[in-house]
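J.: Here it is, the structure, as structure tokens.
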Amino acid sequence: RETKATKRGDEPGLTKLQDRSDVGPVSPISSDRQDGGYVPTVGRWGCEWPRSLGYGLPVTIRSVVGTSWPDGVTPDDHRGQSRCVADDGAAAELALVSSTRWAAADSYHLRAFDQQNGAWPIRHPLPLPCWSSDAKPRLVVDKVWQYEELVAITETVLQRMLEDTFYDTVHNFLDLRESFRRSGGNDLRLFFQNYTPPVNRRHHMCVSLAMEIVTRLADVLPALAEHLFIVSCEEAVESADPYISNCQKGRSLEGVAHTLEKEHALIAVHISVAGREGLMILDPGYHVARAVTVMKDLCYPHTGWFTQSDEPHCRREYCYSFSTHSTNFVEWSERTTRGSTINHELALIYVERPYRTAIDVTVRRNLVYNFRSLLARNAKGRVCAGIYFPVVPGPEAQLTLFYDGANSASVKVKVKFSTFNRRDALKLPETIAGHVSHLSKQLRMEFGELLELLHDLADVVADQDFLQQTLAINETITEMSADN
């Protein structure tokens with residue numbers, strides 16, 4: 001039986017279960033992958049976008065249940081209701097909740113995101129996930145056209161963020177190894193249990209990207225930000241029915257937390273559109289460049305199936321829908337087509353209550369995952385440049401560099417880590433130096449900065465004891481959740 005990690009494949013955005021045995025030369029592949037394929041999730045704007053993309057938002061937003069206001073802010077500051085109303089083209093009256101509530105210059109205010117540490121049982125590979133006791137208030141939008149405008153603004157902010165940020169599990173891997181080295185210890189498992197996973201606004205994975213989109217939306221739509229919350233996701237689930245049945249054995253999900261991996265996190269908001277209930281989902285960690293709408297009745301503005309990426313060798317489609325077994329879960333279906341072969345994957349997103357251990361569980365879990373990447377995305381979610389590599393011990397370990405080259409082609413080259421041995425820095429082949437130079441520009445780094453990063457990675461990969469212990473912890477985690 002395959003473990004979940006084997007089935008999960010690569011980090012977000014890369015072709016899953018690809019053949020990584022082809023080492024060596026440059027491989028041109030088409031870069032015309034999905035730039036022309038994006039269609040807004042909802043709306044009537046085939047020829048024009050909504051005129052109000054800033055503070056002139058013609059949307060009424062209000063809470064179904066009482067809203068919990070931040071310290072120092074009263075309901076009077078929000079005009080009685082969380083309300084955004086255009087006034088003859090003038091700027092809308094927006095809720096006065098500053099984005100500084102959510103983040104500082106290079107960090108996030110974890111209390112604002114209701115984050116905490118989970119209990120960690122002896123001999124368990126991870127802390128136990130936990131959730132808030134109460135659900136977030138539902139966002140009520142009176143008219144469908146108002147929701148369309150809300151989605152348009154949300155997607156504008158989301159797409160800009162995808163372009164501005166990188167998906168990065170390389171730097172936190174380097175941080176883990178450096179902190180372990182400085183500790184002077186030799187037991188990584190013990191160190192791992194006492195290590196505080198770093199989260200900042202420079203090196204993003206799914207959790208910090210979720211926090212970043214909330215922070216950015218708060219600048220434009222403060223009232224909307226009050227309804228957004230982090231949700232947990234279990235990937236590579238065998239079948240929805242037994243998983244959900246297991247989760248509903250006790251009175252709450254916490255009763256089966258010891259069997260859950262929760263390796264992914266994203267953003268959700270409960271919505272009511274013209275009296276019909278649903279959910280909006282934002283998933284920048286998987287480079288999804290749209291605000292996905294999931295309606296309980298499956299009617300418009302329900303998103304349904306959409307193309308996430310379309311490349312010559314692989315087409316990937318997503319669909320989000322409430323599970324027929326429980327509306328506390330959203331089934332995230334993935335359909336991957338390679339030639340005549342179609343594969344299906346299923347993930348389950350728990351959406352009833354906010355996820356409180358996104359850092360302590362999800363970020364920590366990904367620290368020891370057996371695949372690392374640093375990826376640049378464009379506004380439509382296309383992964384256009386970066387580096388990635390499987391974490392494997394031995395002298396043959398290699399990484400892949402890829403970037404957009406000339407003539408609408410993407411350049412991809414696999415290189416052994418030994419090529420970037422710090423002691424042989426002056427012997428770097430000219431062709432490899434050229435690839436590093438081209439890639440550095442698309443990663444918005446100086447040539448020397450990227451080269452130093454590659455030297456650091458070569459140092460880590462040369463630390464065989466660290467890699468072996470990392471992979472041992474990863475294996476323990478996948479065994480814990482293999483039956484999901």
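Letters A, B, ... mark the chains of the structure tokens in the order given; residue numbers begin at 1 per chain; ligand numbers begin at 1, in order shown.
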Could you tell me, as a PyMOL selection string, which residues of range 323-446 of chain A DSSP assigns to helix (DSSP H, G or I) when given the backbone?

T.: chain A and resi 358-367+417-420+422-427+430-442

J.: Write to file, as a CSV table (one decimal), in the first residue's frame, the residues of the selection just made, with N, CA and C atoms.

T.:
```
chain,number,residue,atom,x,y,z
A,358,ALA,N,-2.5,26.0,12.5
A,358,ALA,CA,-2.0,26.0,11.2
A,358,ALA,C,-0.4,26.1,11.2
A,359,ILE,N,0.1,26.8,12.2
A,359,ILE,CA,1.6,26.9,12.2
A,359,ILE,C,2.2,25.7,13.0
A,360,ASP,N,1.6,25.4,14.1
A,360,ASP,CA,2.2,24.4,14.9
A,360,ASP,C,2.1,23.0,14.3
A,361,VAL,N,1.0,22.7,13.5
A,361,VAL,CA,0.9,21.4,12.9
A,361,VAL,C,1.3,21.5,11.4
A,362,THR,N,0.6,22.4,10.6
A,362,THR,CA,0.8,22.3,9.1
A,362,THR,C,2.2,22.8,8.7
A,363,VAL,N,2.6,24.0,9.3
A,363,VAL,CA,4.0,24.5,8.9
A,363,VAL,C,5.0,23.5,9.4
A,364,ARG,N,4.8,23.0,10.7
A,364,ARG,CA,5.8,22.0,11.2
A,364,ARG,C,5.9,20.8,10.4
A,365,ARG,N,4.7,20.3,10.0
A,365,ARG,CA,4.7,19.0,9.2
A,365,ARG,C,5.5,19.2,7.9
A,366,ASN,N,5.4,20.4,7.2
A,366,ASN,CA,6.0,20.6,6.0
A,366,ASN,C,7.5,20.9,6.1
A,367,LEU,N,8.0,21.1,7.3
A,367,LEU,CA,9.4,21.3,7.5
A,367,LEU,C,10.2,20.0,7.2
A,417,PHE,N,23.7,18.5,-7.1
A,417,PHE,CA,24.0,19.4,-6.0
A,417,PHE,C,25.5,19.6,-5.9
A,418,SER,N,26.3,18.5,-6.2
A,418,SER,CA,27.7,18.6,-6.1
A,418,SER,C,28.3,19.7,-7.1
A,419,THR,N,27.5,20.1,-8.1
A,419,THR,CA,28.0,21.2,-9.0
A,419,THR,C,28.1,22.5,-8.2
A,420,PHE,N,27.3,22.6,-7.1
A,420,PHE,CA,27.3,23.9,-6.4
A,420,PHE,C,28.1,23.7,-5.1
A,422,ARG,N,30.6,24.4,-2.4
A,422,ARG,CA,31.2,25.7,-2.1
A,422,ARG,C,32.7,25.7,-2.4
A,423,ARG,N,33.4,24.6,-2.2
A,423,ARG,CA,34.8,24.5,-2.4
A,423,ARG,C,35.2,24.6,-3.8
A,424,ASP,N,34.2,24.3,-4.7
A,424,ASP,CA,34.5,24.4,-6.2
A,424,ASP,C,33.8,25.6,-6.8
A,425,ALA,N,33.5,26.6,-6.1
A,425,ALA,CA,32.7,27.7,-6.6
A,425,ALA,C,33.3,28.3,-7.8
A,426,LEU,N,34.7,28.4,-7.9
A,426,LEU,CA,35.3,29.0,-9.0
A,426,LEU,C,35.3,28.1,-10.3
A,427,LYS,N,34.9,26.9,-10.1
A,427,LYS,CA,34.8,25.9,-11.2
A,427,LYS,C,33.4,25.7,-11.8
A,430,GLU,N,30.3,27.3,-17.2
A,430,GLU,CA,29.7,28.5,-17.8
A,430,GLU,C,28.2,28.4,-18.1
A,431,THR,N,27.9,27.2,-18.7
A,431,THR,CA,26.4,27.0,-19.0
A,431,THR,C,25.5,27.0,-17.8
A,432,ILE,N,26.0,26.4,-16.7
A,432,ILE,CA,25.2,26.5,-15.5
A,432,ILE,C,25.1,27.9,-14.9
A,433,ALA,N,26.2,28.6,-15.0
A,433,ALA,CA,26.2,30.0,-14.5
A,433,ALA,C,25.2,30.8,-15.3
A,434,GLY,N,25.1,30.5,-16.6
A,434,GLY,CA,24.1,31.2,-17.5
A,434,GLY,C,22.7,31.0,-17.0
A,435,HIS,N,22.4,29.7,-16.7
A,435,HIS,CA,21.1,29.4,-16.2
A,435,HIS,C,20.8,30.1,-14.9
A,436,VAL,N,21.7,30.1,-14.0
A,436,VAL,CA,21.6,30.7,-12.7
A,436,VAL,C,21.3,32.2,-12.9
A,437,SER,N,22.0,32.8,-13.9
A,437,SER,CA,21.9,34.2,-14.1
A,437,SER,C,20.5,34.5,-14.6
A,438,HIS,N,20.0,33.7,-15.6
A,438,HIS,CA,18.6,34.0,-16.1
A,438,HIS,C,17.6,33.7,-15.0
A,439,LEU,N,17.7,32.7,-14.2
A,439,LEU,CA,16.8,32.4,-13.2
A,439,LEU,C,16.7,33.5,-12.1
A,440,SER,N,17.9,34.0,-11.8
A,440,SER,CA,18.0,35.0,-10.7
A,440,SER,C,17.1,36.2,-11.0
A,441,LYS,N,17.1,36.6,-12.3
A,441,LYS,CA,16.3,37.8,-12.7
A,441,LYS,C,14.8,37.5,-12.5
A,442,GLN,N,14.3,36.3,-12.8
A,442,GLN,CA,12.9,36.0,-12.7
A,442,GLN,C,12.5,35.7,-11.2
```

J.: Could you give me, as a PDB file with all heavy atoms, in the first residue's frame, the residues within 12 Å of Leu158 in chain A, counting only C-alpha atoms and dropping anything in the same chain fewer than 6 positions from it?

T.:
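Heads up, here's the output in selection.pdb:
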```
ATOM      1  N   VAL A 151     -16.372  39.371  -5.781  1.00  0.00           N
ATOM      2  CA  VAL A 151     -15.416  38.392  -6.291  1.00  0.00           C
ATOM      3  C   VAL A 151     -14.385  39.070  -7.188  1.00  0.00           C
ATOM      4  O   VAL A 151     -13.187  38.750  -7.137  1.00  0.00           O
ATOM      5  CB  VAL A 151     -16.148  37.268  -7.057  1.00  0.00           C
ATOM      6  CG1 VAL A 151     -15.171  36.426  -7.872  1.00  0.00           C
ATOM      7  CG2 VAL A 151     -16.905  36.374  -6.076  1.00  0.00           C
ATOM      8  N   ALA A 152     -14.828  40.021  -8.009  1.00  0.00           N
ATOM      9  CA  ALA A 152     -13.908  40.710  -8.916  1.00  0.00           C
ATOM     10  C   ALA A 152     -12.805  41.431  -8.134  1.00  0.00           C
ATOM     11  O   ALA A 152     -11.628  41.361  -8.496  1.00  0.00           O
ATOM     12  CB  ALA A 152     -14.673  41.708  -9.788  1.00  0.00           C
ATOM     13  N   ASP A 164       3.311  38.905  -6.701  1.00  0.00           N
ATOM     14  CA  ASP A 164       4.262  39.571  -5.799  1.00  0.00           C
ATOM     15  C   ASP A 164       5.054  38.593  -4.946  1.00  0.00           C
ATOM     16  O   ASP A 164       6.167  38.903  -4.503  1.00  0.00           O
ATOM     17  CB  ASP A 164       3.520  40.519  -4.854  1.00  0.00           C
ATOM     18  CG  ASP A 164       3.044  41.772  -5.560  1.00  0.00           C
ATOM     19  OD1 ASP A 164       3.493  42.031  -6.688  1.00  0.00           O
ATOM     20  OD2 ASP A 164       2.203  42.490  -4.967  1.00  0.00           O
ATOM     21  N   THR A 165       4.493  37.429  -4.663  1.00  0.00           N
ATOM     22  CA  THR A 165       5.081  36.518  -3.678  1.00  0.00           C
ATOM     23  C   THR A 165       5.628  35.261  -4.352  1.00  0.00           C
ATOM     24  O   THR A 165       5.342  34.967  -5.506  1.00  0.00           O
ATOM     25  CB  THR A 165       4.041  36.106  -2.624  1.00  0.00           C
ATOM     26  OG1 THR A 165       2.943  35.459  -3.277  1.00  0.00           O
ATOM     27  CG2 THR A 165       3.531  37.324  -1.861  1.00  0.00           C
ATOM     28  N   LEU A 209       0.839  32.304   3.164  1.00  0.00           N
ATOM     29  CA  LEU A 209       0.107  32.853   2.023  1.00  0.00           C
ATOM     30  C   LEU A 209      -1.361  33.080   2.380  1.00  0.00           C
ATOM     31  O   LEU A 209      -1.973  34.062   1.947  1.00  0.00           O
ATOM     32  CB  LEU A 209       0.223  31.921   0.818  1.00  0.00           C
ATOM     33  CG  LEU A 209       1.579  31.946   0.093  1.00  0.00           C
ATOM     34  CD1 LEU A 209       1.673  30.785  -0.888  1.00  0.00           C
ATOM     35  CD2 LEU A 209       1.800  33.279  -0.623  1.00  0.00           C
ATOM     36  N   ALA A 210      -1.934  32.181   3.171  1.00  0.00           N
ATOM     37  CA  ALA A 210      -3.306  32.375   3.633  1.00  0.00           C
ATOM     38  C   ALA A 210      -3.403  33.627   4.502  1.00  0.00           C
ATOM     39  O   ALA A 210      -4.336  34.427   4.374  1.00  0.00           O
ATOM     40  CB  ALA A 210      -3.775  31.143   4.412  1.00  0.00           C
ATOM     41  N   MET A 211      -2.433  33.818   5.382  1.00  0.00           N
ATOM     42  CA  MET A 211      -2.422  35.010   6.226  1.00  0.00           C
ATOM     43  C   MET A 211      -2.182  36.270   5.404  1.00  0.00           C
ATOM     44  O   MET A 211      -2.757  37.330   5.682  1.00  0.00           O
ATOM     45  CB  MET A 211      -1.351  34.869   7.307  1.00  0.00           C
ATOM     46  CG  MET A 211      -1.629  33.767   8.318  1.00  0.00           C
ATOM     47  SD  MET A 211      -0.303  33.612   9.536  1.00  0.00           S
ATOM     48  CE  MET A 211      -1.015  32.387  10.656  1.00  0.00           C
ATOM     49  N   GLU A 212      -1.364  36.147   4.382  1.00  0.00           N
ATOM     50  CA  GLU A 212      -1.048  37.313   3.550  1.00  0.00           C
ATOM     51  C   GLU A 212      -2.264  37.796   2.766  1.00  0.00           C
ATOM     52  O   GLU A 212      -2.493  38.996   2.650  1.00  0.00           O
ATOM     53  CB  GLU A 212       0.099  36.971   2.595  1.00  0.00           C
ATOM     54  CG  GLU A 212       0.583  38.125   1.735  1.00  0.00           C
ATOM     55  CD  GLU A 212       1.260  39.230   2.533  1.00  0.00           C
ATOM     56  OE1 GLU A 212       1.723  38.964   3.666  1.00  0.00           O
ATOM     57  OE2 GLU A 212       1.317  40.364   2.012  1.00  0.00           O
ATOM     58  N   ILE A 213      -3.069  36.868   2.229  1.00  0.00           N
ATOM     59  CA  ILE A 213      -4.230  37.315   1.453  1.00  0.00           C
ATOM     60  C   ILE A 213      -5.262  37.974   2.361  1.00  0.00           C
ATOM     61  O   ILE A 213      -5.911  38.955   1.975  1.00  0.00           O
ATOM     62  CB  ILE A 213      -4.851  36.153   0.633  1.00  0.00           C
ATOM     63  CG1 ILE A 213      -5.902  36.685  -0.329  1.00  0.00           C
ATOM     64  CG2 ILE A 213      -5.436  35.070   1.527  1.00  0.00           C
ATOM     65  CD1 ILE A 213      -5.406  37.717  -1.315  1.00  0.00           C
ATOM     66  N   VAL A 214      -5.403  37.501   3.590  1.00  0.00           N
ATOM     67  CA  VAL A 214      -6.311  38.166   4.541  1.00  0.00           C
ATOM     68  C   VAL A 214      -5.803  39.572   4.837  1.00  0.00           C
ATOM     69  O   VAL A 214      -6.578  40.546   4.845  1.00  0.00           O
ATOM     70  CB  VAL A 214      -6.432  37.351   5.845  1.00  0.00           C
ATOM     71  CG1 VAL A 214      -7.225  38.129   6.888  1.00  0.00           C
ATOM     72  CG2 VAL A 214      -7.107  36.013   5.575  1.00  0.00           C
ATOM     73  N   THR A 215      -4.504  39.696   5.073  1.00  0.00           N
ATOM     74  CA  THR A 215      -3.911  41.002   5.373  1.00  0.00           C
ATOM     75  C   THR A 215      -4.128  41.980   4.228  1.00  0.00           C
ATOM     76  O   THR A 215      -4.471  43.153   4.444  1.00  0.00           O
ATOM     77  CB  THR A 215      -2.407  40.836   5.654  1.00  0.00           C
ATOM     78  OG1 THR A 215      -2.227  39.947   6.759  1.00  0.00           O
ATOM     79  CG2 THR A 215      -1.757  42.164   5.979  1.00  0.00           C
ATOM     80  N   ARG A 216      -3.950  41.522   3.003  1.00  0.00           N
ATOM     81  CA  ARG A 216      -4.098  42.410   1.843  1.00  0.00           C
ATOM     82  C   ARG A 216      -5.559  42.761   1.588  1.00  0.00           C
ATOM     83  O   ARG A 216      -5.873  43.904   1.232  1.00  0.00           O
ATOM     84  CB  ARG A 216      -3.472  41.768   0.613  1.00  0.00           C
ATOM     85  CG  ARG A 216      -1.963  41.608   0.732  1.00  0.00           C
ATOM     86  CD  ARG A 216      -1.341  41.276  -0.606  1.00  0.00           C
ATOM     87  NE  ARG A 216       0.098  41.114  -0.481  1.00  0.00           N
ATOM     88  CZ  ARG A 216       0.967  41.293  -1.477  1.00  0.00           C
ATOM     89  NH1 ARG A 216       0.512  41.655  -2.680  1.00  0.00           N
ATOM     90  NH2 ARG A 216       2.253  41.116  -1.298  1.00  0.00           N
ATOM     91  N   LEU A 217      -6.446  41.809   1.757  1.00  0.00           N
ATOM     92  CA  LEU A 217      -7.867  42.116   1.570  1.00  0.00           C
ATOM     93  C   LEU A 217      -8.359  43.093   2.638  1.00  0.00           C
ATOM     94  O   LEU A 217      -9.272  43.881   2.384  1.00  0.00           O
ATOM     95  CB  LEU A 217      -8.693  40.830   1.600  1.00  0.00           C
ATOM     96  CG  LEU A 217      -8.618  39.968   0.333  1.00  0.00           C
ATOM     97  CD1 LEU A 217      -9.283  38.620   0.557  1.00  0.00           C
ATOM     98  CD2 LEU A 217      -9.259  40.684  -0.854  1.00  0.00           C
ATOM     99  N   VAL A 220      -8.360  46.655   1.553  1.00  0.00           N
ATOM    100  CA  VAL A 220      -9.363  47.071   0.575  1.00  0.00           C
ATOM    101  C   VAL A 220     -10.775  46.825   1.077  1.00  0.00           C
ATOM    102  O   VAL A 220     -11.676  47.646   0.877  1.00  0.00           O
ATOM    103  CB  VAL A 220      -9.135  46.317  -0.761  1.00  0.00           C
ATOM    104  CG1 VAL A 220     -10.140  46.741  -1.813  1.00  0.00           C
ATOM    105  CG2 VAL A 220      -7.715  46.551  -1.271  1.00  0.00           C
ATOM    106  N   ILE A 267      -7.908  29.539   2.910  1.00  0.00           N
ATOM    107  CA  ILE A 267      -8.843  30.510   3.475  1.00  0.00           C
ATOM    108  C   ILE A 267     -10.262  30.217   2.995  1.00  0.00           C
ATOM    109  O   ILE A 267     -10.477  29.842   1.835  1.00  0.00           O
ATOM    110  CB  ILE A 267      -8.443  31.940   3.070  1.00  0.00           C
ATOM    111  CG1 ILE A 267      -7.151  32.339   3.773  1.00  0.00           C
ATOM    112  CG2 ILE A 267      -9.544  32.950   3.401  1.00  0.00           C
ATOM    113  CD1 ILE A 267      -7.259  32.425   5.289  1.00  0.00           C
ATOM    114  N   ILE A 281     -13.749  30.153  -1.278  1.00  0.00           N
ATOM    115  CA  ILE A 281     -12.461  29.567  -0.923  1.00  0.00           C
ATOM    116  C   ILE A 281     -11.352  30.291  -1.669  1.00  0.00           C
ATOM    117  O   ILE A 281     -11.464  30.549  -2.873  1.00  0.00           O
ATOM    118  CB  ILE A 281     -12.432  28.056  -1.260  1.00  0.00           C
ATOM    119  CG1 ILE A 281     -13.289  27.277  -0.256  1.00  0.00           C
ATOM    120  CG2 ILE A 281     -11.009  27.517  -1.269  1.00  0.00           C
ATOM    121  CD1 ILE A 281     -13.384  25.799  -0.551  1.00  0.00           C
ATOM    122  N   LEU A 282     -10.269  30.616  -0.946  1.00  0.00           N
ATOM    123  CA  LEU A 282      -9.070  31.209  -1.525  1.00  0.00           C
ATOM    124  C   LEU A 282      -7.899  30.297  -1.201  1.00  0.00           C
ATOM    125  O   LEU A 282      -7.649  29.987  -0.031  1.00  0.00           O
ATOM    126  CB  LEU A 282      -8.817  32.608  -0.952  1.00  0.00           C
ATOM    127  CG  LEU A 282      -9.958  33.620  -1.073  1.00  0.00           C
ATOM    128  CD1 LEU A 282      -9.606  34.900  -0.329  1.00  0.00           C
ATOM    129  CD2 LEU A 282     -10.284  33.898  -2.522  1.00  0.00           C
ATOM    130  N   ASP A 283      -7.173  29.851  -2.233  1.00  0.00           N
ATOM    131  CA  ASP A 283      -6.081  28.905  -2.019  1.00  0.00           C
ATOM    132  C   ASP A 283      -4.816  29.347  -2.752  1.00  0.00           C
ATOM    133  O   ASP A 283      -4.409  28.741  -3.746  1.00  0.00           O
ATOM    134  CB  ASP A 283      -6.496  27.507  -2.470  1.00  0.00           C
ATOM    135  CG  ASP A 283      -5.521  26.431  -2.003  1.00  0.00           C
ATOM    136  OD1 ASP A 283      -4.534  26.780  -1.319  1.00  0.00           O
ATOM    137  OD2 ASP A 283      -5.740  25.244  -2.317  1.00  0.00           O
ATOM    138  N   PRO A 284      -4.147  30.405  -2.277  1.00  0.00           N
ATOM    139  CA  PRO A 284      -2.907  30.836  -2.927  1.00  0.00           C
ATOM    140  C   PRO A 284      -1.770  29.845  -2.777  1.00  0.00           C
ATOM    141  O   PRO A 284      -0.817  29.866  -3.550  1.00  0.00           O
ATOM    142  CB  PRO A 284      -2.591  32.165  -2.220  1.00  0.00           C
ATOM    143  CG  PRO A 284      -3.275  32.064  -0.889  1.00  0.00           C
ATOM    144  CD  PRO A 284      -4.531  31.268  -1.145  1.00  0.00           C
ATOM    145  N   GLY A 285      -1.847  28.935  -1.786  1.00  0.00           N
ATOM    146  CA  GLY A 285      -0.803  27.932  -1.613  1.00  0.00           C
ATOM    147  C   GLY A 285      -0.726  26.954  -2.768  1.00  0.00           C
ATOM    148  O   GLY A 285       0.337  26.385  -3.033  1.00  0.00           O
ATOM    149  N   HIS A 287      -1.650  28.059  -5.783  1.00  0.00           N
ATOM    150  CA  HIS A 287      -1.582  28.988  -6.921  1.00  0.00           C
ATOM    151  C   HIS A 287      -2.925  29.174  -7.616  1.00  0.00           C
ATOM    152  O   HIS A 287      -2.965  29.521  -8.808  1.00  0.00           O
ATOM    153  CB  HIS A 287      -0.539  28.529  -7.945  1.00  0.00           C
ATOM    154  CG  HIS A 287       0.646  27.835  -7.362  1.00  0.00           C
ATOM    155  ND1 HIS A 287       1.399  28.378  -6.341  1.00  0.00           N
ATOM    156  CD2 HIS A 287       1.210  26.620  -7.628  1.00  0.00           C
ATOM    157  CE1 HIS A 287       2.370  27.537  -6.026  1.00  0.00           C
ATOM    158  NE2 HIS A 287       2.276  26.468  -6.778  1.00  0.00           N
ATOM    159  N   VAL A 288      -4.023  28.966  -6.920  1.00  0.00           N
ATOM    160  CA  VAL A 288      -5.348  29.135  -7.520  1.00  0.00           C
ATOM    161  C   VAL A 288      -5.645  30.626  -7.604  1.00  0.00           C
ATOM    162  O   VAL A 288      -5.758  31.308  -6.584  1.00  0.00           O
ATOM    163  CB  VAL A 288      -6.433  28.407  -6.699  1.00  0.00           C
ATOM    164  CG1 VAL A 288      -7.817  28.631  -7.328  1.00  0.00           C
ATOM    165  CG2 VAL A 288      -6.114  26.914  -6.624  1.00  0.00           C
ATOM    166  N   ALA A 289      -5.792  31.133  -8.831  1.00  0.00           N
ATOM    167  CA  ALA A 289      -5.888  32.576  -9.060  1.00  0.00           C
ATOM    168  C   ALA A 289      -7.324  33.071  -9.095  1.00  0.00           C
ATOM    169  O   ALA A 289      -7.599  34.136  -9.630  1.00  0.00           O
ATOM    170  CB  ALA A 289      -5.187  32.938 -10.370  1.00  0.00           C
ATOM    171  N   ARG A 290      -8.232  32.323  -8.524  1.00  0.00           N
ATOM    172  CA  ARG A 290      -9.634  32.731  -8.510  1.00  0.00           C
ATOM    173  C   ARG A 290     -10.236  32.525  -7.130  1.00  0.00           C
ATOM    174  O   ARG A 290      -9.759  31.694  -6.338  1.00  0.00           O
ATOM    175  CB  ARG A 290     -10.436  31.939  -9.544  1.00  0.00           C
ATOM    176  CG  ARG A 290     -10.393  30.445  -9.339  1.00  0.00           C
ATOM    177  CD  ARG A 290     -11.209  29.714 -10.413  1.00  0.00           C
ATOM    178  NE  ARG A 290     -10.630  29.909 -11.721  1.00  0.00           N
ATOM    179  CZ  ARG A 290     -11.320  29.836 -12.860  1.00  0.00           C
ATOM    180  NH1 ARG A 290     -12.611  29.584 -12.831  1.00  0.00           N
ATOM    181  NH2 ARG A 290     -10.735  30.006 -14.018  1.00  0.00           N
ATOM    182  N   ALA A 291     -11.266  33.287  -6.859  1.00  0.00           N
ATOM    183  CA  ALA A 291     -12.050  33.073  -5.647  1.00  0.00           C
ATOM    184  C   ALA A 291     -13.081  31.997  -5.980  1.00  0.00           C
ATOM    185  O   ALA A 291     -14.034  32.246  -6.716  1.00  0.00           O
ATOM    186  CB  ALA A 291     -12.731  34.363  -5.213  1.00  0.00           C
ATOM    187  N   VAL A 292     -12.866  30.816  -5.466  1.00  0.00           N
ATOM    188  CA  VAL A 292     -13.727  29.676  -5.795  1.00  0.00           C
ATOM    189  C   VAL A 292     -15.012  29.771  -4.979  1.00  0.00           C
ATOM    190  O   VAL A 292     -14.980  29.932  -3.753  1.00  0.00           O
ATOM    191  CB  VAL A 292     -13.013  28.348  -5.512  1.00  0.00           C
ATOM    192  CG1 VAL A 292     -13.939  27.170  -5.789  1.00  0.00           C
ATOM    193  CG2 VAL A 292     -11.743  28.245  -6.351  1.00  0.00           C
ATOM    194  N   ARG A 377       5.223  32.674  -9.412  1.00  0.00           N
ATOM    195  CA  ARG A 377       3.954  32.497 -10.131  1.00  0.00           C
ATOM    196  C   ARG A 377       3.588  33.791 -10.851  1.00  0.00           C
ATOM    197  O   ARG A 377       3.987  34.876 -10.423  1.00  0.00           O
ATOM    198  CB  ARG A 377       2.819  32.170  -9.153  1.00  0.00           C
ATOM    199  CG  ARG A 377       2.971  30.915  -8.322  1.00  0.00           C
ATOM    200  CD  ARG A 377       3.815  31.075  -7.074  1.00  0.00           C
ATOM    201  NE  ARG A 377       3.322  32.073  -6.116  1.00  0.00           N
ATOM    202  CZ  ARG A 377       2.417  31.834  -5.165  1.00  0.00           C
ATOM    203  NH1 ARG A 377       1.938  30.619  -5.024  1.00  0.00           N
ATOM    204  NH2 ARG A 377       2.034  32.779  -4.342  1.00  0.00           N
ATOM    205  N   ASN A 378       2.814  33.687 -11.920  1.00  0.00           N
ATOM    206  CA  ASN A 378       2.274  34.914 -12.500  1.00  0.00           C
ATOM    207  C   ASN A 378       0.881  35.157 -11.940  1.00  0.00           C
ATOM    208  O   ASN A 378       0.386  34.406 -11.098  1.00  0.00           O
ATOM    209  CB  ASN A 378       2.302  34.873 -14.031  1.00  0.00           C
ATOM    210  CG  ASN A 378       1.335  33.851 -14.620  1.00  0.00           C
ATOM    211  OD1 ASN A 378       0.497  33.273 -13.922  1.00  0.00           O
ATOM    212  ND2 ASN A 378       1.435  33.632 -15.919  1.00  0.00           N
ATOM    213  N   ALA A 379       0.217  36.201 -12.425  1.00  0.00           N
ATOM    214  CA  ALA A 379      -1.066  36.595 -11.854  1.00  0.00           C
ATOM    215  C   ALA A 379      -2.150  35.554 -12.067  1.00  0.00           C
ATOM    216  O   ALA A 379      -3.159  35.551 -11.352  1.00  0.00           O
ATOM    217  CB  ALA A 379      -1.509  37.935 -12.435  1.00  0.00           C
ATOM    218  N   LYS A 380      -1.974  34.665 -13.036  1.00  0.00           N
ATOM    219  CA  LYS A 380      -2.978  33.644 -13.298  1.00  0.00           C
ATOM    220  C   LYS A 380      -2.652  32.307 -12.648  1.00  0.00           C
ATOM    221  O   LYS A 380      -3.307  31.304 -12.904  1.00  0.00           O
ATOM    222  CB  LYS A 380      -3.144  33.476 -14.806  1.00  0.00           C
ATOM    223  CG  LYS A 380      -3.693  34.753 -15.469  1.00  0.00           C
ATOM    224  CD  LYS A 380      -3.784  34.599 -16.963  1.00  0.00           C
ATOM    225  CE  LYS A 380      -4.273  35.908 -17.596  1.00  0.00           C
ATOM    226  NZ  LYS A 380      -4.339  35.809 -19.074  1.00  0.00           N
ATOM    227  N   GLY A 381      -1.625  32.305 -11.813  1.00  0.00           N
ATOM    228  CA  GLY A 381      -1.298  31.097 -11.073  1.00  0.00           C
ATOM    229  C   GLY A 381      -0.358  30.157 -11.790  1.00  0.00           C
ATOM    230  O   GLY A 381      -0.090  29.065 -11.299  1.00  0.00           O
TER     231      GLY A 381
END
```

J.: For CA of Tyr318 in chain A and CA of Leu348 in chain A, quote the distance in Å rounded to one decimal.

T.: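 CA of Leu348 in chain A lies 12.8 Å from CA of Tyr318 in chain A.
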
J.: Which residue gives the smallest distance to Ile153 in chain A among A:His203, A:Val141, A:Leu224, A:Leu374, with only C-alpha atoms counted?

T.: A:Leu224

J.: Considering only C-alpha atoms, give me a table of residues in range 354-382 of chain A that are at most 12 Å from range 253-258 of chain A, with the closest atom pair and distance in Å for each, as a tab-separated table.

T.:
```
residue	atom	partner	partner_atom	distance
A:Tyr355	CA	A:Leu253	CA	11.2
A:Arg356	CA	A:Glu254	CA	11.6
A:Thr357	CA	A:Ala257	CA	11.5
A:Val361	CA	A:Ala257	CA	11.0
```

J.: Measuring atom to atom with only C-alpha atoms, identify which of A:Val170, A:Leu176, A:Arg276, A:Ala462 is nearest to Phe389 in chain A.

T.: A:Val170
